[in-house]
>>> print(open('data14.pdb').read())   # PDB, C-alpha atoms
MODEL        1
ATOM      1  CA  MET U   1       0.000   0.000   0.000
ATOM      2  CA  SER U   2       1.229   3.532  -0.732
ATOM      3  CA  THR U   3      -0.040   7.030  -0.138
ATOM      4  CA  THR U   4      -0.770   9.997  -2.339
ATOM      5  CA  GLU U   5      -2.546  13.317  -1.960
ATOM      6  CA  SER U   6      -6.176  13.849  -2.957
ATOM      7  CA  ALA U   7      -7.466  17.062  -4.508
ATOM      8  CA  ASP U   8      -8.047  18.621  -1.075
ATOM      9  CA  ASN U   9      -4.524  17.667   0.101
ATOM     10  CA  ASP U  10      -5.861  14.986   2.455
ATOM     11  CA  GLN U  11      -3.668  11.925   2.544
ATOM     12  CA  LEU U  12      -4.974   8.988   0.512
ATOM     13  CA  PHE U  13      -4.023   5.426   1.438
ATOM     14  CA  VAL U  14      -3.770   3.650  -1.915
ATOM     15  CA  LEU U  15      -5.395   0.218  -2.023
ATOM     16  CA  THR U  16      -5.290  -0.601  -5.724
ATOM     17  CA  ALA U  17      -5.196   0.961  -9.167
ATOM     18  CA  VAL U  18      -6.441   0.117 -12.659
ATOM     19  CA  LEU U  19      -5.874   1.433 -16.148
ATOM     20  CA  LEU U  20      -8.589   3.250 -18.026
ATOM     21  CA  THR U  21      -7.540   3.421 -21.679
ATOM     22  CA  PRO U  22      -9.206   2.415 -24.963
ATOM     23  CA  ALA U  23      -7.266  -0.881 -24.856
ATOM     24  CA  GLN U  24      -7.498  -1.657 -21.121
ATOM     25  CA  PHE U  25     -10.346  -0.823 -18.781
ATOM     26  CA  PRO U  26     -12.500  -2.695 -16.263
ATOM     27  CA  SER U  27     -14.982  -4.429 -18.571
ATOM     28  CA  VAL U  28     -17.598  -4.594 -15.815
ATOM     29  CA  LEU U  29     -18.043  -0.815 -16.128
ATOM     30  CA  GLY U  30     -19.128  -0.673 -19.765
ATOM     31  CA  ASP U  31     -19.033  -2.008 -23.321
ATOM     32  CA  ASP U  32     -16.502   0.563 -24.532
ATOM     33  CA  TYR U  33     -14.063   3.224 -23.358
ATOM     34  CA  PRO U  34     -16.321   6.287 -23.850
ATOM     35  CA  GLU U  35     -19.148   4.550 -21.949
ATOM     36  CA  VAL U  36     -16.884   3.858 -18.982
ATOM     37  CA  CYS U  37     -15.532   7.417 -19.017
ATOM     38  CA  ALA U  38     -19.062   8.831 -19.118
ATOM     39  CA  GLY U  39     -20.019   6.767 -16.081
ATOM     40  CA  LEU U  40     -17.095   8.309 -14.188
ATOM     41  CA  GLY U  41     -17.668  11.841 -15.444
ATOM     42  CA  LEU U  42     -14.375  11.905 -17.359
ATOM     43  CA  GLU U  43     -13.614  13.049 -20.903
ATOM     44  CA  PRO U  44     -12.725  10.077 -23.147
ATOM     45  CA  TYR U  45      -9.235  11.307 -24.061
ATOM     46  CA  ALA U  46      -7.315   8.901 -26.286
ATOM     47  CA  GLU U  47      -4.354   8.839 -23.889
ATOM     48  CA  GLY U  48      -6.556   7.499 -21.101
ATOM     49  CA  TYR U  49      -6.184   7.626 -17.337
ATOM     50  CA  GLY U  50      -5.025   5.691 -14.331
ATOM     51  CA  LEU U  51      -7.592   5.183 -11.573
ATOM     52  CA  VAL U  52      -6.215   5.037  -8.030
ATOM     53  CA  LEU U  53      -8.616   3.672  -5.402
ATOM     54  CA  GLY U  54      -8.004   4.362  -1.726
ATOM     55  CA  GLN U  55      -9.189   5.780   1.580
ATOM     56  CA  ASP U  56      -8.536   9.087   3.266
ATOM     57  CA  GLY U  57      -7.586   9.498   6.915
ATOM     58  CA  GLN U  58     -11.239   9.224   7.952
ATOM     59  CA  GLY U  59     -11.693   5.982   6.001
ATOM     60  CA  ALA U  60     -13.746   7.542   3.203
ATOM     61  CA  ARG U  61     -13.575   5.951  -0.233
ATOM     62  CA  TRP U  62     -12.000   8.017  -3.025
ATOM     63  CA  THR U  63     -11.078   7.359  -6.649
ATOM     64  CA  VAL U  64      -8.332   9.563  -8.027
ATOM     65  CA  ALA U  65      -8.045   9.880 -11.806
ATOM     66  CA  THR U  66      -4.550  10.706 -13.033
ATOM     67  CA  GLU U  67      -3.179  11.435 -16.488
ATOM     68  CA  ASP U  68       0.062   9.664 -15.549
ATOM     69  CA  VAL U  69      -0.935   6.387 -17.206
ATOM     70  CA  SER U  70       2.652   5.102 -17.333
ATOM     71  CA  LEU U  71       3.065   5.456 -13.570
ATOM     72  CA  VAL U  72      -0.099   3.476 -12.876
ATOM     73  CA  ALA U  73       0.858   0.837 -15.463
ATOM     74  CA  CYS U  74       4.247   0.367 -13.756
ATOM     75  CA  ALA U  75       2.580   0.064 -10.344
ATOM     76  CA  VAL U  76       0.052  -2.512 -11.556
ATOM     77  CA  ALA U  77       2.789  -4.548 -13.260
ATOM     78  CA  ALA U  78       4.939  -4.491 -10.118
ATOM     79  CA  TRP U  79       2.054  -5.498  -7.856
ATOM     80  CA  ASP U  80       1.139  -8.333 -10.223
ATOM     81  CA  CYS U  81       4.673  -9.661  -9.739
ATOM     82  CA  GLY U  82       4.402  -9.406  -5.951
ATOM     83  CA  MET U  83       6.743  -6.410  -5.791
ATOM     84  CA  GLU U  84       6.278  -3.224  -3.797
ATOM     85  CA  TYR U  85       5.687   0.007  -5.673
ATOM     86  CA  ASP U  86       5.005   3.446  -4.214
ATOM     87  CA  LEU U  87       2.170   4.830  -6.329
ATOM     88  CA  SER U  88       2.118   8.586  -5.752
ATOM     89  CA  PRO U  89       0.825  10.538  -8.770
ATOM     90  CA  GLY U  90       2.027  14.118  -8.973
ATOM     91  CA  GLU U  91      -0.549  16.737  -8.030
ATOM     92  CA  ASP U  92      -0.328  18.306 -11.496
ATOM     93  CA  SER U  93      -1.325  14.979 -13.092
ATOM     94  CA  ILE U  94      -4.508  14.518 -11.044
ATOM     95  CA  VAL U  95      -7.621  15.187 -13.121
ATOM     96  CA  ALA U  96     -10.298  14.432 -10.553
ATOM     97  CA  ALA U  97     -10.841  13.096  -7.036
ATOM     98  CA  LEU U  98     -14.164  11.276  -7.146
ATOM     99  CA  PRO U  99     -16.052  10.099  -4.055
ATOM    100  CA  GLY U 100     -16.653   6.354  -3.802
ATOM    101  CA  TRP U 101     -15.229   3.400  -5.707
ATOM    102  CA  PRO U 102     -16.458   2.154  -9.099
ATOM    103  CA  LEU U 103     -15.200  -1.361  -8.298
ATOM    104  CA  ALA U 104     -15.828  -3.636  -5.332
ATOM    105  CA  LEU U 105     -12.770  -4.051  -3.090
ATOM    106  CA  ALA U 106     -12.327  -6.650  -0.383
ATOM    107  CA  VAL U 107      -9.419  -4.805   1.245
ATOM    108  CA  ALA U 108      -9.180  -1.753   3.493
ATOM    109  CA  ALA U 109      -6.441   0.502   4.817
ATOM    110  CA  PRO U 110      -5.199  -0.432   8.305
ATOM    111  CA  GLY U 111      -5.506   2.071  11.121
ATOM    112  CA  VAL U 112      -8.403   4.067   9.675
ATOM    113  CA  PRO U 113     -12.190   3.652   9.996
ATOM    114  CA  GLU U 114     -14.017   1.109   7.837
ATOM    115  CA  PRO U 115     -14.553   2.122   4.177
ATOM    116  CA  HIS U 116     -17.508   4.465   3.728
ATOM    117  CA  ASP U 117     -18.589   7.146   1.286
ATOM    118  CA  PRO U 118     -17.470  10.667   2.219
ATOM    119  CA  GLU U 119     -19.986  13.188   3.519
ATOM    120  CA  PRO U 120     -21.383  14.968   0.454
ATOM    121  CA  GLU U 121     -20.890  18.678   0.032
ATOM    122  CA  ALA U 122     -22.898  21.044  -2.136
ATOM    123  CA  GLY U 123     -22.235  20.390  -5.818
ATOM    124  CA  ASP U 124     -20.421  17.094  -5.243
ATOM    125  CA  PRO U 125     -21.231  14.224  -7.638
ATOM    126  CA  ALA U 126     -22.947  11.151  -6.236
ATOM    127  CA  PRO U 127     -20.432   8.621  -4.866
ATOM    128  CA  LEU U 128     -19.270   6.009  -7.325
ATOM    129  CA  THR U 129     -20.644   2.529  -6.695
ATOM    130  CA  PRO U 130     -19.775  -0.821  -8.318
ATOM    131  CA  PRO U 131     -22.237  -2.163 -10.921
ATOM    132  CA  ASP U 132     -24.662  -4.746  -9.608
ATOM    133  CA  ALA U 133     -23.273  -8.029 -10.911
ATOM    134  CA  ALA U 134     -25.226 -10.246  -8.515
ATOM    135  CA  GLU U 135     -27.757 -11.169 -11.211
ATOM    136  CA  TRP U 136     -27.329 -11.754 -14.917
ATOM    137  CA  GLY U 137     -27.168  -8.570 -16.940
ATOM    138  CA  PRO U 138     -24.642  -6.502 -18.916
ATOM    139  CA  ALA U 139     -22.142  -6.308 -16.032
ATOM    140  CA  GLN U 140     -22.184 -10.043 -15.331
ATOM    141  CA  ARG U 141     -22.152 -10.857 -19.046
ATOM    142  CA  ARG U 142     -18.969  -8.817 -19.454
ATOM    143  CA  LEU U 143     -17.433 -10.437 -16.366
ATOM    144  CA  GLY U 144     -18.256 -13.828 -17.877
ATOM    145  CA  ALA U 145     -16.411 -12.885 -21.041
ATOM    146  CA  ASP U 146     -13.435 -11.751 -18.934
ATOM    147  CA  GLU U 147     -13.371 -15.167 -17.259
ATOM    148  CA  ILE U 148     -13.394 -17.002 -20.594
ATOM    149  CA  ALA U 149     -10.499 -14.871 -21.835
ATOM    150  CA  LEU U 150      -8.509 -15.630 -18.668
ATOM    151  CA  GLN U 151      -9.346 -19.339 -18.648
ATOM    152  CA  TRP U 152      -9.347 -19.955 -22.387
ATOM    153  CA  ALA U 153      -7.748 -23.406 -22.269
ATOM    154  CA  ALA U 154     -10.324 -24.705 -19.784
ATOM    155  CA  TRP U 155     -13.253 -23.413 -21.824
ATOM    156  CA  ARG U 156     -11.755 -24.606 -25.104
ATOM    157  CA  GLU U 157     -11.421 -28.157 -23.759
ATOM    158  CA  GLN U 158     -15.193 -28.296 -23.323
ATOM    159  CA  VAL U 159     -15.819 -27.735 -27.020
ATOM    160  CA  ASP U 160     -15.431 -30.265 -29.810
ATOM    161  CA  GLY U 161     -12.474 -29.308 -31.936
ATOM    162  CA  ASP U 162     -14.621 -29.608 -35.061
ATOM    163  CA  VAL U 163     -17.422 -27.376 -33.780
ATOM    164  CA  THR U 164     -19.257 -25.588 -36.579
ATOM    165  CA  PHE U 165     -21.394 -22.497 -36.496
ATOM    166  CA  VAL U 166     -24.438 -24.372 -37.789
ATOM    167  CA  GLY U 167     -24.765 -28.146 -37.581
ATOM    168  CA  PRO U 168     -26.322 -30.193 -40.392
ATOM    169  CA  GLY U 169     -30.042 -29.577 -40.591
ATOM    170  CA  GLU U 170     -29.943 -26.859 -37.920
ATOM    171  CA  GLN U 171     -30.920 -23.218 -38.135
ATOM    172  CA  PRO U 172     -28.467 -20.480 -37.056
ATOM    173  CA  HIS U 173     -28.992 -19.322 -33.482
ATOM    174  CA  PRO U 174     -30.721 -15.945 -33.995
ATOM    175  CA  GLY U 175     -28.855 -14.201 -31.180
ATOM    176  CA  VAL U 176     -25.461 -15.417 -32.316
ATOM    177  CA  ARG U 177     -26.268 -14.585 -35.940
ATOM    178  CA  ARG U 178     -27.122 -11.028 -34.821
ATOM    179  CA  VAL U 179     -23.803 -10.785 -32.992
ATOM    180  CA  MET U 180     -21.890 -11.932 -36.055
ATOM    181  CA  ALA U 181     -23.729  -9.438 -38.249
ATOM    182  CA  GLU U 182     -22.991  -6.572 -35.838
ATOM    183  CA  ALA U 183     -19.349  -7.638 -35.563
ATOM    184  CA  HIS U 184     -19.107  -7.581 -39.365
ATOM    185  CA  GLY U 185     -20.582  -4.088 -39.209
ATOM    186  CA  TYR U 186     -17.682  -2.960 -37.043
ATOM    187  CA  VAL U 187     -15.316  -3.728 -39.930
ATOM    188  CA  THR U 188     -17.066  -1.316 -42.276
ATOM    189  CA  GLU U 189     -18.020   1.265 -39.639
ATOM    190  CA  PRO U 190     -15.591   1.228 -36.707
ATOM    191  CA  PRO U 191     -17.333   1.293 -33.312
ATOM    192  CA  PRO U 192     -16.452   3.493 -30.306
ATOM    193  CA  PRO U 193     -12.925   2.938 -28.948
ATOM    194  CA  GLY U 194     -12.647  -0.127 -26.753
ATOM    195  CA  ARG U 195     -15.509  -2.087 -28.302
ATOM    196  CA  VAL U 196     -12.818  -4.224 -29.940
ATOM    197  CA  ARG U 197      -9.668  -4.973 -27.959
ATOM    198  CA  SER U 198      -6.712  -7.206 -28.799
ATOM    199  CA  SER U 199      -4.211  -8.728 -26.383
ATOM    200  CA  PHE U 200      -1.442 -11.313 -26.445
ATOM    201  CA  ALA U 201      -2.223 -15.018 -26.695
ATOM    202  CA  ALA U 202      -0.162 -18.174 -27.126
ATOM    203  CA  GLY U 203       2.177 -18.312 -30.104
ATOM    204  CA  GLU U 204       1.468 -15.632 -32.673
ATOM    205  CA  ALA U 205      -2.254 -15.532 -31.974
ATOM    206  CA  ARG U 206      -4.192 -12.698 -30.386
ATOM    207  CA  THR U 207      -7.083 -12.774 -27.957
ATOM    208  CA  LEU U 208      -9.945 -10.596 -29.163
ATOM    209  CA  ARG U 209     -12.553  -9.110 -26.884
ATOM    210  CA  VAL U 210     -15.530  -7.646 -28.755
ATOM    211  CA  ASP U 211     -18.584  -6.095 -27.101
ATOM    212  CA  GLY U 212     -21.830  -4.634 -28.330
ATOM    213  CA  PRO U 213     -25.324  -3.771 -27.142
ATOM    214  CA  GLY U 214     -26.420  -6.858 -25.225
ATOM    215  CA  TRP U 215     -23.538  -9.148 -26.201
ATOM    216  CA  SER U 216     -19.879 -10.029 -25.723
ATOM    217  CA  MET U 217     -17.557 -12.157 -27.821
ATOM    218  CA  VAL U 218     -14.191 -13.671 -26.895
ATOM    219  CA  ALA U 219     -12.045 -15.239 -29.612
ATOM    220  CA  ARG U 220      -8.545 -16.349 -30.531
ATOM    221  CA  THR U 221      -7.445 -15.276 -33.977
ATOM    222  CA  ASP U 222      -6.231 -18.824 -34.683
ATOM    223  CA  ASP U 223      -9.208 -20.603 -33.139
ATOM    224  CA  ILE U 224     -12.924 -20.317 -32.362
ATOM    225  CA  ALA U 225     -15.076 -17.733 -30.585
ATOM    226  CA  PHE U 226     -17.466 -17.724 -27.634
ATOM    227  CA  VAL U 227     -20.566 -15.508 -27.494
ATOM    228  CA  LEU U 228     -22.552 -14.400 -24.438
ATOM    229  CA  LEU U 229     -25.953 -12.714 -24.665
ATOM    230  CA  ASP U 230     -27.887 -10.586 -22.197
ATOM    231  CA  GLU U 231     -31.099 -12.388 -23.091
ATOM    232  CA  GLU U 232     -29.676 -15.839 -22.274
ATOM    233  CA  PRO U 233     -28.406 -15.855 -18.669
ATOM    234  CA  GLY U 234     -25.323 -17.980 -18.145
ATOM    235  CA  GLU U 235     -25.311 -19.430 -21.666
ATOM    236  CA  VAL U 236     -22.057 -19.536 -23.639
ATOM    237  CA  HIS U 237     -22.313 -20.179 -27.379
ATOM    238  CA  PRO U 238     -19.222 -21.520 -29.211
ATOM    239  CA  VAL U 239     -18.768 -20.338 -32.788
ATOM    240  CA  GLY U 240     -16.616 -22.601 -34.983
ATOM    241  CA  ARG U 241     -14.161 -21.256 -37.524
ATOM    242  CA  GLY U 242     -15.865 -22.420 -40.696
ATOM    243  CA  PRO U 243     -15.548 -20.206 -43.788
ATOM    244  CA  GLU U 244     -16.674 -16.992 -42.072
ATOM    245  CA  LEU U 245     -14.938 -16.572 -38.737
ATOM    246  CA  PRO U 246     -11.200 -16.460 -39.660
ATOM    247  CA  ALA U 247     -11.535 -13.471 -41.989
ATOM    248  CA  LEU U 248     -13.792 -11.669 -39.521
ATOM    249  CA  LEU U 249     -11.324 -12.132 -36.663
ATOM    250  CA  THR U 250      -8.432 -10.937 -38.808
ATOM    251  CA  SER U 251     -10.340  -7.794 -39.769
ATOM    252  CA  LEU U 252     -11.388  -7.106 -36.174
ATOM    253  CA  ASP U 253      -7.810  -7.529 -34.961
ATOM    254  CA  GLU U 254      -6.648  -4.941 -37.469
ATOM    255  CA  LEU U 255      -8.955  -2.273 -36.034
ATOM    256  CA  ALA U 256      -8.686  -3.320 -32.385
ATOM    257  CA  ALA U 257      -7.223  -1.197 -29.615
ATOM    258  CA  ARG U 258      -3.995  -2.727 -28.279
ATOM    259  CA  PRO U 259      -2.128  -2.175 -25.020
ATOM    260  CA  VAL U 260       0.949  -0.028 -25.472
TER     261      VAL U 260
ENDMDL
END
>>> encode(input="data14.pdb", output="structure tokens")
Amino acid sequence: MSTTESADNDQLFVLTAVLLTPAQFPSVLGDDYPEVCAGLGLEPYAEGYGLVLGQDGQGARWTVATEDVSLVACAVAAWDCGMEYDLSPGEDSIVAALPGWPLALAVAAPGVPEPHDPEPEAGDPAPLTPPDAAEWGPAQRRLGADEIALQWAAWREQVDGDVTFVGPGEQPHPGVRRVMAEAHGYVTEPPPPGRVRSSFAAGEARTLRVDGPGWSMVARTDDIAFVLLDEEPGEVHPVGRGPELPALLTSLDELAARPV
């Protein structure tokens, strides 16, 4: 844990931090980068932000948005490796100090009162709160897609290697067909930043994360795809490569946002 200074110069005990860029942002907060920024009251600048979550000396929850994306990226990378890193954004890099946390945290700063929202003052925005992911909906659908991306090998083992989009004598699943049509539309008319994201995968492949209104898709450029739909709680639809998917994935990867 490290400390920084909030907008009112009160000490902030840093608990965690996340990146908020077109290529990397907490998926639970929205389908694309501008949507997440809007929910936080931030301008969707292409350079992005780092979000620092912590508590002040009275235990109140605060989220500090900084323009120093590189500093936050270094801190997150160090913490992921089990290393210490003093995350203290410079005051001139701080864009906003927002009450509350947009993500649920199971940790708290020692020696201060339990986490709580700060007392509101006139003109203050409502405290940030995590999306309700207890029941199936957009937030849980996006979290499900995150889990598939993280545990790709386990999910892939559950699917026949020769899976096809439409089996003999079957009709295309209407929801999945809609997703494929909308994903094809992204190729001709690029969507808002962050709707299509590309990250490293095994070998020379890429992992694609594609989101849209009511749906999420996770795919490997050298393999199949999985589709999740808001209207079908908990269901995961595999989409085989066939003649259509490889070219679509290649085109989506070309327009995708990538981590720097």
>>> resolve_selection(input="data14.pdb", expression="the PyMOL selection byres ((chain U and resi 15) around 8)", output="compact mmCIF listing (two decimals) with C-alpha atoms, in the coordinates of the input")
# COMPACT_ATOMS: atom_id res chain seq x y z
CA MET U 1 0.00 0.00 0.00
CA SER U 2 1.23 3.53 -0.73
CA PHE U 13 -4.02 5.43 1.44
CA VAL U 14 -3.77 3.65 -1.92
CA THR U 16 -5.29 -0.60 -5.72
CA ALA U 17 -5.20 0.96 -9.17
CA VAL U 52 -6.22 5.04 -8.03
CA LEU U 53 -8.62 3.67 -5.40
CA GLY U 54 -8.00 4.36 -1.73
CA GLN U 55 -9.19 5.78 1.58
CA VAL U 107 -9.42 -4.80 1.25
CA ALA U 108 -9.18 -1.75 3.49
CA ALA U 109 -6.44 0.50 4.82
>>> closest_residue(input="data14.pdb", among="U:Glu244, U:Asp124, U:Asp160, U:Glu235", to="Ala96 (chain U)", atoms="only C-alpha atoms")
U:Asp124
>>> atom_distance(input="data14.pdb", atom1="CA of Asp31 (chain U)", atom2="CA of Pro120 (chain U)")
29.3 Å
>>> closest_residue(input="data14.pdb", among="U:Arg141, U:His173, U:Arg206, U:His116", to="Asp223 (chain U)", atoms="only C-alpha atoms")
U:Arg206
>>> residues_around(input="data14.pdb", residues="region 71-76 of chain U", least_positions_apart="2", cutoff="10 Å", atoms="all atoms listed in the file", output="ChimeraX atom specification")
/U:16-20,49-52,66-69,78-90
>>> residues_around(input="data14.pdb", residues="Ala225 (chain U)", least_positions_apart="2", cutoff="8 Å", atoms="all atoms listed in the file", output="ChimeraX atom specification")
/U:217-220,223,227,238-241
>>> closest_residue(input="data14.pdb", among="U:Ala60, U:Gln11, U:Ala247, U:Asp222", to="Thr207 (chain U)", atoms="all atoms listed in the file")
U:Asp222
>>> axis_aligned_box(input="data14.pdb", around="region 250-257 of chain U", padding_each_side="4 Å", output="JSON")
{"center_x": -9.0, "center_y": -6.1, "center_z": -34.7, "size_x": 12.7, "size_y": 17.7, "size_z": 18.2}
>>> atom_distance(input="data14.pdb", atom1="CA of Tyr45 (chain U)", atom2="CA of Leu208 (chain U)")
22.5 Å
>>> atom_distance(input="data14.pdb", atom1="CA of Arg61 (chain U)", atom2="CA of Val112 (chain U)")
11.3 Å
